[in-house]
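Colleague: protein-v9.pdb is the file, holding PDB, C-alpha atoms:
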ATOM      1  CA  MET A   1     121.980 -37.549 -35.479
ATOM      2  CA  THR A   2     121.261 -39.280 -32.206
ATOM      3  CA  HIS A   3     118.547 -41.943 -32.034
ATOM      4  CA  PHE A   4     116.991 -43.224 -28.821
ATOM      5  CA  ALA A   5     114.033 -45.252 -27.675
ATOM      6  CA  SER A   6     111.047 -44.552 -25.488
ATOM      7  CA  GLY A   7     108.743 -47.489 -25.270
ATOM      8  CA  GLY A   8     107.639 -47.362 -28.915
ATOM      9  CA  GLY A   9     111.123 -47.612 -30.442
ATOM     10  CA  SER A  10     113.716 -45.179 -31.733
ATOM     11  CA  ILE A  11     112.768 -41.633 -32.609
ATOM     12  CA  PRO A  12     112.900 -40.923 -36.357
ATOM     13  CA  THR A  13     114.927 -38.015 -37.677
ATOM     14  CA  GLY A  14     114.483 -35.582 -40.524
ATOM     15  CA  VAL A  15     111.758 -33.249 -39.253
ATOM     16  CA  THR A  16     112.516 -29.760 -40.530
ATOM     17  CA  GLY A  17     109.221 -27.872 -40.348
ATOM     18  CA  LYS A  18     108.447 -25.559 -37.479
ATOM     19  CA  SER A  19     105.507 -26.310 -35.236
ATOM     20  CA  THR A  20     103.432 -24.002 -33.085
ATOM     21  CA  GLU A  21     102.740 -26.777 -30.607
ATOM     22  CA  GLU A  22     103.955 -26.105 -27.104
ATOM     23  CA  ASP A  23     106.873 -28.151 -25.840
ATOM     24  CA  PHE A  24     104.971 -29.573 -22.899
ATOM     25  CA  GLU A  25     102.186 -30.722 -25.194
ATOM     26  CA  LEU A  26     104.779 -32.480 -27.337
ATOM     27  CA  LEU A  27     106.290 -34.054 -24.240
ATOM     28  CA  ASP A  28     102.914 -35.352 -23.088
ATOM     29  CA  ARG A  29     102.123 -36.748 -26.536
ATOM     30  CA  TRP A  30     105.530 -38.414 -26.688
ATOM     31  CA  ARG A  31     104.970 -39.977 -23.285
ATOM     32  CA  GLU A  32     101.700 -41.396 -24.616
ATOM     33  CA  GLY A  33     103.545 -43.066 -27.491
ATOM     34  CA  ASP A  34     103.630 -40.411 -30.237
ATOM     35  CA  ARG A  35     107.149 -40.785 -31.618
ATOM     36  CA  GLN A  36     106.716 -37.923 -34.061
ATOM     37  CA  ALA A  37     106.029 -35.562 -31.166
ATOM     38  CA  GLY A  38     109.176 -36.836 -29.474
ATOM     39  CA  ASN A  39     111.162 -36.233 -32.620
ATOM     40  CA  LEU A  40     109.905 -32.650 -32.887
ATOM     41  CA  LEU A  41     110.833 -31.960 -29.271
ATOM     42  CA  PHE A  42     114.246 -33.513 -29.761
ATOM     43  CA  GLU A  43     114.924 -31.484 -32.921
ATOM     44  CA  ARG A  44     113.996 -28.249 -31.175
ATOM     45  CA  HIS A  45     116.313 -28.696 -28.219
ATOM     46  CA  PHE A  46     119.103 -31.017 -29.361
ATOM     47  CA  GLU A  47     121.691 -28.301 -30.004
ATOM     48  CA  SER A  48     121.105 -26.641 -26.624
ATOM     49  CA  VAL A  49     121.438 -29.917 -24.727
ATOM     50  CA  CYS A  50     124.509 -30.840 -26.745
ATOM     51  CA  ARG A  51     126.097 -27.506 -25.823
ATOM     52  CA  PHE A  52     125.328 -28.183 -22.182
ATOM     53  CA  PHE A  53     127.394 -31.381 -22.143
ATOM     54  CA  ALA A  54     130.033 -30.547 -24.770
ATOM     55  CA  ASN A  55     132.643 -28.814 -22.591
ATOM     56  CA  LYS A  56     132.011 -31.004 -19.544
ATOM     57  CA  VAL A  57     132.433 -34.565 -20.801
ATOM     58  CA  SER A  58     134.708 -36.016 -23.478
ATOM     59  CA  ASP A  59     132.871 -39.315 -24.015
ATOM     60  CA  GLY A  60     129.284 -40.468 -23.818
ATOM     61  CA  VAL A  61     127.555 -37.229 -24.824
ATOM     62  CA  ASP A  62     124.934 -39.142 -26.839
ATOM     63  CA  ASP A  63     124.055 -41.251 -23.826
ATOM     64  CA  LEU A  64     123.714 -38.212 -21.568
ATOM     65  CA  ILE A  65     121.478 -36.473 -24.107
ATOM     66  CA  GLN A  66     119.292 -39.563 -24.265
ATOM     67  CA  LYS A  67     119.048 -39.759 -20.479
ATOM     68  CA  THR A  68     118.085 -36.095 -20.332
ATOM     69  CA  PHE A  69     115.142 -36.389 -22.727
ATOM     70  CA  LEU A  70     113.944 -39.607 -21.152
ATOM     71  CA  GLY A  71     114.336 -37.985 -17.729
ATOM     72  CA  CYS A  72     111.965 -35.249 -18.884
ATOM     73  CA  ILE A  73     109.342 -37.900 -19.560
ATOM     74  CA  GLU A  74     109.875 -39.685 -16.264
ATOM     75  CA  GLY A  75     109.761 -36.510 -14.176
ATOM     76  CA  ARG A  76     106.816 -34.856 -15.926
ATOM     77  CA  ASP A  77     104.262 -35.537 -13.180
ATOM     78  CA  ARG A  78     106.532 -34.084 -10.510
ATOM     79  CA  PHE A  79     107.354 -30.929 -12.441
ATOM     80  CA  ARG A  80     106.197 -27.531 -11.178
ATOM     81  CA  LYS A  81     104.077 -26.181 -14.004
ATOM     82  CA  GLN A  82     104.958 -22.484 -13.600
ATOM     83  CA  ALA A  83     108.471 -22.849 -15.035
ATOM     84  CA  SER A  84     109.237 -23.079 -18.744
ATOM     85  CA  PHE A  85     110.081 -26.281 -20.578
ATOM     86  CA  ARG A  86     113.576 -24.931 -21.179
ATOM     87  CA  THR A  87     114.340 -24.531 -17.483
ATOM     88  CA  TYR A  88     112.826 -27.960 -16.842
ATOM     89  CA  LEU A  89     115.008 -29.495 -19.558
ATOM     90  CA  PHE A  90     118.226 -28.013 -18.175
ATOM     91  CA  ALA A  91     117.294 -28.895 -14.599
ATOM     92  CA  VAL A  92     117.041 -32.511 -15.746
ATOM     93  CA  ALA A  93     120.333 -32.230 -17.680
ATOM     94  CA  HIS A  94     121.980 -30.753 -14.579
ATOM     95  CA  ASN A  95     120.857 -33.711 -12.487
ATOM     96  CA  VAL A  96     121.881 -36.230 -15.165
ATOM     97  CA  LEU A  97     125.388 -34.773 -15.294
ATOM     98  CA  ARG A  98     125.803 -34.747 -11.520
ATOM     99  CA  VAL A  99     124.768 -38.417 -11.379
ATOM    100  CA  HIS A 100     127.213 -39.190 -14.185
ATOM    101  CA  PHE A 101     130.108 -37.573 -12.339
ATOM    102  CA  ARG A 102     129.234 -39.352  -9.093
ATOM    103  CA  GLU A 103     129.263 -42.655 -10.953
ATOM    104  CA  LEU A 104     132.702 -41.837 -12.374
ATOM    105  CA  LYS A 105     133.914 -41.288  -8.820
ATOM    106  CA  ARG A 106     132.484 -44.693  -7.835
ATOM    107  CA  GLY A 107     130.352 -43.361  -5.012
ATOM    108  CA  SER A 108     132.966 -41.065  -3.489
ATOM    109  CA  PRO A 109     131.520 -37.792  -2.170
ATOM    110  CA  VAL A 110     131.640 -34.951  -4.692
ATOM    111  CA  ASP A 111     131.293 -31.282  -3.734
ATOM    112  CA  PHE A 112     130.205 -29.613  -6.972
ATOM    113  CA  ASN A 113     130.809 -26.181  -5.487
ATOM    114  CA  VAL A 114     134.504 -27.049  -5.169
ATOM    115  CA  ALA A 115     135.323 -29.764  -7.718
ATOM    116  CA  THR A 116     136.023 -28.625 -11.272
ATOM    117  CA  THR A 117     135.079 -30.449 -14.452
ATOM    118  CA  ASP A 118     138.778 -31.087 -14.982
ATOM    119  CA  ASP A 119     138.895 -32.784 -11.557
ATOM    120  CA  LEU A 120     135.867 -34.915 -12.385
ATOM    121  CA  THR A 121     136.873 -35.906 -15.928
ATOM    122  CA  PRO A 122     140.453 -34.822 -16.676
ATOM    123  CA  SER A 123     140.393 -35.710 -20.387
ATOM    124  CA  PRO A 124     140.891 -32.585 -22.506
ATOM    125  CA  SER A 125     137.872 -30.951 -24.090
ATOM    126  CA  THR A 126     137.095 -32.288 -27.572
ATOM    127  CA  VAL A 127     135.448 -29.018 -28.624
ATOM    128  CA  PHE A 128     137.168 -27.339 -31.574
ATOM    129  CA  ALA A 129     138.058 -23.704 -31.022
ATOM    130  CA  SER A 130     139.019 -21.617 -34.035
ATOM    131  CA  HIS A 131     140.718 -18.895 -31.981
ATOM    132  CA  GLU A 132     143.231 -19.044 -29.165
ATOM    133  CA  GLU A 133     140.948 -16.850 -27.068
ATOM    134  CA  GLN A 134     138.170 -19.428 -27.372
ATOM    135  CA  GLN A 135     140.508 -22.270 -26.423
ATOM    136  CA  LEU A 136     141.678 -20.353 -23.375
ATOM    137  CA  LEU A 137     138.069 -19.808 -22.324
ATOM    138  CA  LEU A 138     137.131 -23.461 -22.777
ATOM    139  CA  GLN A 139     140.096 -24.578 -20.685
ATOM    140  CA  SER A 140     139.470 -21.961 -18.014
ATOM    141  CA  LEU A 141     135.776 -22.846 -17.698
ATOM    142  CA  ARG A 142     136.766 -26.446 -17.014
ATOM    143  CA  HIS A 143     139.093 -25.274 -14.247
ATOM    144  CA  ILE A 144     136.575 -23.351 -12.135
ATOM    145  CA  PRO A 145     134.126 -25.108  -9.784
ATOM    146  CA  PHE A 146     131.530 -27.117 -11.685
ATOM    147  CA  GLU A 147     128.509 -25.152 -10.440
ATOM    148  CA  HIS A 148     130.154 -21.867 -11.442
ATOM    149  CA  GLN A 149     131.019 -23.228 -14.886
ATOM    150  CA  LEU A 150     127.419 -24.363 -15.289
ATOM    151  CA  VAL A 151     126.007 -20.939 -14.441
ATOM    152  CA  LEU A 152     128.324 -19.085 -16.810
ATOM    153  CA  GLU A 153     127.733 -21.416 -19.731
ATOM    154  CA  LEU A 154     123.948 -21.241 -19.417
ATOM    155  CA  TYR A 155     124.133 -17.482 -18.906
ATOM    156  CA  TYR A 156     126.218 -16.874 -22.028
ATOM    157  CA  TRP A 157     125.287 -19.702 -24.386
ATOM    158  CA  GLU A 158     121.577 -20.043 -23.602
ATOM    159  CA  ASP A 159     120.972 -16.392 -22.639
ATOM    160  CA  MET A 160     119.366 -17.487 -19.396
ATOM    161  CA  SER A 161     118.277 -14.868 -16.890
ATOM    162  CA  ALA A 162     119.026 -15.107 -13.190
ATOM    163  CA  SER A 163     115.428 -16.176 -12.542
ATOM    164  CA  GLU A 164     115.676 -18.966 -15.123
ATOM    165  CA  LEU A 165     119.010 -20.117 -13.710
ATOM    166  CA  ALA A 166     117.442 -20.189 -10.255
ATOM    167  CA  GLU A 167     114.852 -22.654 -11.582
ATOM    168  CA  VAL A 168     117.563 -24.830 -13.127
ATOM    169  CA  ILE A 169     119.841 -25.131 -10.102
ATOM    170  CA  GLY A 170     117.271 -24.706  -7.345
ATOM    171  CA  LEU A 171     118.640 -21.599  -5.651
ATOM    172  CA  ALA A 172     117.212 -18.167  -4.862
ATOM    173  CA  GLU A 173     117.544 -15.607  -7.636
ATOM    174  CA  GLY A 174     119.695 -13.315  -5.489
ATOM    175  CA  THR A 175     122.069 -16.184  -4.784
ATOM    176  CA  VAL A 176     122.317 -16.906  -8.500
ATOM    177  CA  ARG A 177     123.192 -13.276  -9.271
ATOM    178  CA  SER A 178     125.999 -13.464  -6.721
ATOM    179  CA  ARG A 179     127.164 -16.729  -8.229
ATOM    180  CA  ILE A 180     127.335 -15.219 -11.728
ATOM    181  CA  ARG A 181     129.530 -12.387 -10.434
ATOM    182  CA  ARG A 182     131.748 -14.790  -8.520
ATOM    183  CA  ALA A 183     131.997 -17.130 -11.517
ATOM    184  CA  LYS A 184     133.255 -14.294 -13.715
ATOM    185  CA  GLU A 185     135.891 -13.452 -11.114
ATOM    186  CA  LEU A 186     137.013 -17.077 -10.925
ATOM    187  CA  LEU A 187     137.130 -17.349 -14.719
ATOM    188  CA  ARG A 188     139.357 -14.288 -15.060
ATOM    189  CA  ALA A 189     141.648 -15.568 -12.320
ATOM    190  CA  ARG A 190     141.978 -18.943 -14.011
ATOM    191  CA  MET A 191     142.680 -17.340 -17.391
ATOM    192  CA  LYS A 192     145.581 -15.445 -15.833
ATOM    193  CA  VAL A 193     147.066 -18.791 -14.826
ATOM    194  CA  LEU A 194     146.434 -20.631 -18.094
ATOM    195  CA  ALA A 195     147.090 -17.900 -20.686
ATOM    196  CA  ARG A 196     150.086 -18.715 -22.845
ATOM    197  CA  THR A 197     151.080 -15.065 -23.209
ATOM    198  CA  PRO A 198     150.107 -11.730 -21.631
ATOM    199  CA  ALA A 199     148.863 -10.622 -25.060
ATOM    200  CA  LEU A 200     146.450 -13.554 -25.283
ATOM    201  CA  LEU A 201     145.133 -12.822 -21.810
ATOM    202  CA  LYS A 202     144.609  -9.170 -22.692
ATOM    203  CA  THR A 203     142.710  -9.825 -25.924
ATOM    204  CA  THR A 204     140.488 -12.401 -24.213
ATOM    205  CA  ILE A 205     139.612 -10.356 -21.141
ATOM    206  CA  SER A 206     139.163  -7.101 -23.067
ATOM    207  CA  ASP A 207     136.220  -8.588 -24.975
ATOM    208  CA  LEU A 208     135.206 -11.466 -22.728
ATOM    209  CA  ASP A 209     131.493 -11.429 -23.549
ATOM    210  CA  HIS A 210     132.227 -11.604 -27.279
ATOM    211  CA  TRP A 211     134.632 -14.525 -27.018
ATOM    212  CA  VAL A 212     132.410 -16.574 -24.703
ATOM    213  CA  ARG A 213     129.321 -16.045 -26.845
ATOM    214  CA  SER A 214     131.273 -16.758 -30.040
ATOM    215  CA  LEU A 215     131.643 -20.371 -28.923
ATOM    216  CA  ARG A 216     127.900 -20.988 -29.005
ATOM    217  CA  GLN A 217     127.569 -22.213 -32.594
ATOM    218  CA  GLN A 218     130.613 -24.474 -32.441
ATOM    219  CA  LEU A 219     129.422 -26.078 -29.235
ATOM    220  CA  GLY A 220     125.932 -26.622 -30.627
ATOM    221  CA  SER A 221     127.247 -28.533 -33.638
ATOM    222  CA  VAL A 222     130.039 -30.475 -31.907
ATOM    223  CA  ASN A 223     127.936 -33.631 -31.727
ATOM    224  CA  GLY A 224     125.698 -33.041 -34.714
TER     225      GLY A 224
END
For this file, write the structure as structure tokens.

Modeller:
Amino acid sequence: MTHFASGGGSIPTGVTGKSTEEDFELLDRWREGDRQAGNLLFERHFESVCRFFANKVSDGVDDLIQKTFLGCIEGRDRFRKQASFRTYLFAVAHNVLRVHFRELKRGSPVDFNVATTDDLTPSPSTVFASHEEQQLLLQSLRHIPFEHQLVLELYYWEDMSASELAEVIGLAEGTVRSRIRRAKELLRARMKVLARTPALLKTTISDLDHWVRSLRQQLGSVNG
């Protein structure tokens, strides 16, 4: 399990009980030095944040997770209170990942609406896929523009609505709906290129929603 520091030292692990405390209350208590509150918040959202980074970077996932949670603390005062903690968390993760990719490119301009994850970090995905259909999907997601990959993964793996996605990426809800449709088109087109056989392509596309969602548990535990 990942450990990281926030002023008062590393966050302890091992909390298993459920709490009725709201996430923002936990965040505020953590910011004030309550490490137990930070641990509870971390335990609640670790798997989701891990999934977010798992198919986009091959190294340094722990560091990016740490930066995301600490970024939530640092940006708390600037946050618009009407959104949920979950959309806030992924908005921070989105920004952390974009900064990470820009640093990899050593300051070169990056158009995230064009560049793919494979362009930005060409190392193969380290995520284990138990079916060929899942492996094809993981590869194809990495070969569509980064912002389209992001939308599809949050849509399928975190069950985010268009309105929630709009909060995460800072676009109008109608624009996000169009992006989801376009992302699905791009994913199917990329699968046609990468599929090893016509039969594999057919079985993947015929039940696309099932195969994409079936990756959720494996991605959540990839760094656990």

Colleague: Rank A:Ala199, A:Ile144, A:Leu165, A:Val127 by their smallest atom-to-atom distance to Asp59 in chain A, using only C-alpha atoms, and report the top residue only.

Modeller: A:Val127

Colleague: As a count of residues only, please: the residues near Arg142 in chain A (cut-off 8 Å, only C-alpha atoms, same-chain neighbours under 4 positions excluded).

Modeller: 8

Colleague: Residues within 12 Å of (116.5, -40.3, -20.3), file coordinates, counting only C-alpha atoms: what are they? Give the list as a JSON list (two decimals) with C-alpha atoms, in the coordinates of the input.

Modeller:
[["chain", "number", "residue", "atom", "x", "y", "z"],
["A", 4, "PHE", "CA", 116.99, -43.22, -28.82],
["A", 5, "ALA", "CA", 114.03, -45.25, -27.68],
["A", 6, "SER", "CA", 111.05, -44.55, -25.49],
["A", 7, "GLY", "CA", 108.74, -47.49, -25.27],
["A", 31, "ARG", "CA", 104.97, -39.98, -23.28],
["A", 42, "PHE", "CA", 114.25, -33.51, -29.76],
["A", 62, "ASP", "CA", 124.93, -39.14, -26.84],
["A", 63, "ASP", "CA", 124.06, -41.25, -23.83],
["A", 64, "LEU", "CA", 123.71, -38.21, -21.57],
["A", 65, "ILE", "CA", 121.48, -36.47, -24.11],
["A", 66, "GLN", "CA", 119.29, -39.56, -24.26],
["A", 67, "LYS", "CA", 119.05, -39.76, -20.48],
["A", 68, "THR", "CA", 118.08, -36.10, -20.33],
["A", 69, "PHE", "CA", 115.14, -36.39, -22.73],
["A", 70, "LEU", "CA", 113.94, -39.61, -21.15],
["A", 71, "GLY", "CA", 114.34, -37.98, -17.73],
["A", 72, "CYS", "CA", 111.96, -35.25, -18.88],
["A", 73, "ILE", "CA", 109.34, -37.90, -19.56],
["A", 74, "GLU", "CA", 109.88, -39.68, -16.26],
["A", 75, "GLY", "CA", 109.76, -36.51, -14.18],
["A", 76, "ARG", "CA", 106.82, -34.86, -15.93],
["A", 89, "LEU", "CA", 115.01, -29.50, -19.56],
["A", 92, "VAL", "CA", 117.04, -32.51, -15.75],
["A", 93, "ALA", "CA", 120.33, -32.23, -17.68],
["A", 95, "ASN", "CA", 120.86, -33.71, -12.49],
["A", 96, "VAL", "CA", 121.88, -36.23, -15.16],
["A", 97, "LEU", "CA", 125.39, -34.77, -15.29]]

Colleague: So what do you get for CA of Glu25 in chain A versus CA of Glu167 in chain A, distance-wise?

Modeller: 20.3 Å

Colleague: Given the file shown, determine the residues that the PyMOL selection byres ((chain A and resi 194) around 10) selects; report them as a list in words.

Modeller: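 Output of the PyMOL selection byres ((chain A and resi 194) around 10): Leu136, Leu137, Gln139, Ser140, His143, Arg188, Ala189, Arg190, Met191, Lys192, Val193, Ala195, Arg196, Thr197 and Leu201 of chain A.
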
Colleague: Evaluated on this file, the PyMOL selection byres ((chain A and resi 24) around 12) picks out some residues - which ones are they, written as an MDAnalysis selection string?

Modeller: chainID A and resid 20:23 25:31 37:38 40:41 72:73 76:77 79:89

Colleague: Hey, which of A:Tyr156, A:Arg98, A:Asn39, A:Val114 ends up closest to Ser214 in chain A? Count only C-alpha atoms.

Modeller: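 Checking each candidate against Ser214 in chain A, we get A:Tyr156 as the closest.
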